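*Asks:* Structure in structure tokens, see below.
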Amino acid sequence: MADVTLTIGDRRHTVACRDGEEDQLRRLGTMLDTHWPTAQRAAGNVGGERAMLFVALMLADALDEAERRPPGAAESAVAVRIAEKLEALVATLEKSGTTP
């Protein structure tokens, strides 16, 4: 077992994990810390426990949204943006008389 110390907001938390899972736990801790300022404001800047509840709710909302998205939706959006940029480039080249 390994111990990892996470800093979330202004508090340090030592958490045990299986060997080899330290980096993943640190990434998750960073995710929590990223949401901390918003959660603390939502909690009225009182008590860490209430702010942590808001962090959990924000992450649960993001997870729910991701689970509701149809499979491949993110990849489709990227493909559409790339296609639009390529079409704009082709149009610009055609206007300038340059051929690829």
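To be explicit about the labels: the chains of the structure tokens are called A, B, and onward in the order shown, and within each one the residues are counted from 1, while ligands get numbers from 1 in the order they are shown.
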Tell me, which residues of chain A carry DSSP strand (DSSP E), written as a ChimeraX atom specification?
*Replies:* /A:2-8,11-17
*Asks:* Those residues you just picked out, can you put them in a file as a PDB file, in the first residue's frame with N, CA and C atoms?
*Replies:*
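Output saved as part_22.pdb:
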```pdb
ATOM      1  N   ALA A   2       0.394   2.240  -0.683  1.00  0.00           N
ATOM      2  CA  ALA A   2       1.106   3.510  -0.755  1.00  0.00           C
ATOM      3  C   ALA A   2       0.236   4.603  -0.161  1.00  0.00           C
ATOM      4  N   ASP A   3       0.877   5.625   0.353  1.00  0.00           N
ATOM      5  CA  ASP A   3       0.165   6.796   0.850  1.00  0.00           C
ATOM      6  C   ASP A   3       0.432   7.957  -0.090  1.00  0.00           C
ATOM      7  N   VAL A   4      -0.624   8.678  -0.419  1.00  0.00           N
ATOM      8  CA  VAL A   4      -0.520   9.850  -1.283  1.00  0.00           C
ATOM      9  C   VAL A   4      -1.140  11.009  -0.518  1.00  0.00           C
ATOM     10  N   THR A   5      -0.449  12.138  -0.511  1.00  0.00           N
ATOM     11  CA  THR A   5      -0.989  13.328   0.138  1.00  0.00           C
ATOM     12  C   THR A   5      -1.554  14.251  -0.929  1.00  0.00           C
ATOM     13  N   LEU A   6      -2.830  14.545  -0.811  1.00  0.00           N
ATOM     14  CA  LEU A   6      -3.528  15.426  -1.747  1.00  0.00           C
ATOM     15  C   LEU A   6      -3.775  16.762  -1.064  1.00  0.00           C
ATOM     16  N   THR A   7      -3.613  17.838  -1.799  1.00  0.00           N
ATOM     17  CA  THR A   7      -3.956  19.152  -1.284  1.00  0.00           C
ATOM     18  C   THR A   7      -5.187  19.624  -2.036  1.00  0.00           C
ATOM     19  N   ILE A   8      -6.259  19.806  -1.289  1.00  0.00           N
ATOM     20  CA  ILE A   8      -7.523  20.267  -1.877  1.00  0.00           C
ATOM     21  C   ILE A   8      -7.894  21.532  -1.125  1.00  0.00           C
ATOM     22  N   ARG A  11      -6.279  22.433   2.479  1.00  0.00           N
ATOM     23  CA  ARG A  11      -6.120  21.287   3.376  1.00  0.00           C
ATOM     24  C   ARG A  11      -5.383  20.148   2.703  1.00  0.00           C
ATOM     25  N   ARG A  12      -4.589  19.464   3.506  1.00  0.00           N
ATOM     26  CA  ARG A  12      -3.856  18.292   3.025  1.00  0.00           C
ATOM     27  C   ARG A  12      -4.559  17.048   3.548  1.00  0.00           C
ATOM     28  N   HIS A  13      -4.700  16.064   2.658  1.00  0.00           N
ATOM     29  CA  HIS A  13      -5.344  14.800   3.004  1.00  0.00           C
ATOM     30  C   HIS A  13      -4.428  13.668   2.567  1.00  0.00           C
ATOM     31  N   THR A  14      -4.117  12.767   3.497  1.00  0.00           N
ATOM     32  CA  THR A  14      -3.307  11.606   3.152  1.00  0.00           C
ATOM     33  C   THR A  14      -4.245  10.433   2.923  1.00  0.00           C
ATOM     34  N   VAL A  15      -4.093   9.811   1.756  1.00  0.00           N
ATOM     35  CA  VAL A  15      -4.992   8.738   1.333  1.00  0.00           C
ATOM     36  C   VAL A  15      -4.152   7.522   0.970  1.00  0.00           C
ATOM     37  N   ALA A  16      -4.590   6.353   1.409  1.00  0.00           N
ATOM     38  CA  ALA A  16      -3.905   5.118   1.047  1.00  0.00           C
ATOM     39  C   ALA A  16      -4.468   4.593  -0.270  1.00  0.00           C
ATOM     40  N   CYS A  17      -3.593   3.988  -1.071  1.00  0.00           N
ATOM     41  CA  CYS A  17      -4.016   3.379  -2.326  1.00  0.00           C
ATOM     42  C   CYS A  17      -3.114   2.195  -2.619  1.00  0.00           C
TER      43      CYS A  17
END
```
*Asks:* Do you know which residues are at most 10 Å from Leu53 in chain A counting only C-alpha atoms, after dropping those on the same chain fewer than 6 positions away, and could you put them as an MDAnalysis selection string?
*Replies:* chainID A and resid 39:40 43 59
*Asks:* Which neighbours of Gly9 in chain A fall inside 9 Å, counting only C-alpha atoms, when residues of the same chain fewer than 4 positions from it are skipped, and could you give them as a PDB file with N, CA and C atoms, in the first residue's frame?
*Replies:*
```pdb
ATOM      1  N   LEU A  32     -10.296  17.566  -8.078  1.00  0.00           N
ATOM      2  CA  LEU A  32     -11.055  18.107  -6.944  1.00  0.00           C
ATOM      3  C   LEU A  32     -10.581  19.520  -6.612  1.00  0.00           C
ATOM      4  N   ASP A  33      -9.268  19.711  -6.578  1.00  0.00           N
ATOM      5  CA  ASP A  33      -8.714  21.008  -6.235  1.00  0.00           C
ATOM      6  C   ASP A  33      -9.087  22.071  -7.265  1.00  0.00           C
ATOM      7  N   THR A  34      -9.194  21.686  -8.524  1.00  0.00           N
ATOM      8  CA  THR A  34      -9.583  22.623  -9.576  1.00  0.00           C
ATOM      9  C   THR A  34     -10.985  23.168  -9.338  1.00  0.00           C
ATOM     10  N   TRP A  36     -12.434  23.346  -6.405  1.00  0.00           N
ATOM     11  CA  TRP A  36     -12.563  23.825  -5.030  1.00  0.00           C
ATOM     12  C   TRP A  36     -12.972  25.297  -4.923  1.00  0.00           C
ATOM     13  N   PRO A  37     -12.332  26.243  -5.624  1.00  0.00           N
ATOM     14  CA  PRO A  37     -12.719  27.654  -5.453  1.00  0.00           C
ATOM     15  C   PRO A  37     -14.198  27.908  -5.760  1.00  0.00           C
ATOM     16  N   GLN A  40     -16.291  26.365  -2.971  1.00  0.00           N
ATOM     17  CA  GLN A  40     -16.192  27.123  -1.725  1.00  0.00           C
ATOM     18  C   GLN A  40     -17.072  28.375  -1.777  1.00  0.00           C
ATOM     19  N   GLY A  48     -15.274  23.287   5.128  1.00  0.00           N
ATOM     20  CA  GLY A  48     -14.766  22.471   4.047  1.00  0.00           C
ATOM     21  C   GLY A  48     -15.692  21.334   3.667  1.00  0.00           C
TER      22      GLY A  48
END
```
*Asks:* What gap, in Å, lies between CA of Pro71 in chain A and CA of Phe54 in chain A?
*Replies:*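 Rounded to one decimal, the two atoms are 27.7 Å apart.
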*Asks:* Identify all residues of chain A in alpha helix (DSSP H) (DSSP on the backbone) and supply them as a ChimeraX atom specification.
*Replies:* /A:22-42,48-68,73-96
*Asks:* Would you work out the distance separating CA of Gly44 in chain A from CA of Leu63 in chain A, expressed in Å to one decimal?
*Replies:*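 Computing it gives 24.3 Å between the two atoms.
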*Asks:* Give me, please, the distance in Å between CA of Asp64 in chain A and CA of Ser76 in chain A, quoted to one decimal.
*Replies:*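 Interatomic distance here is 19.6 Å.
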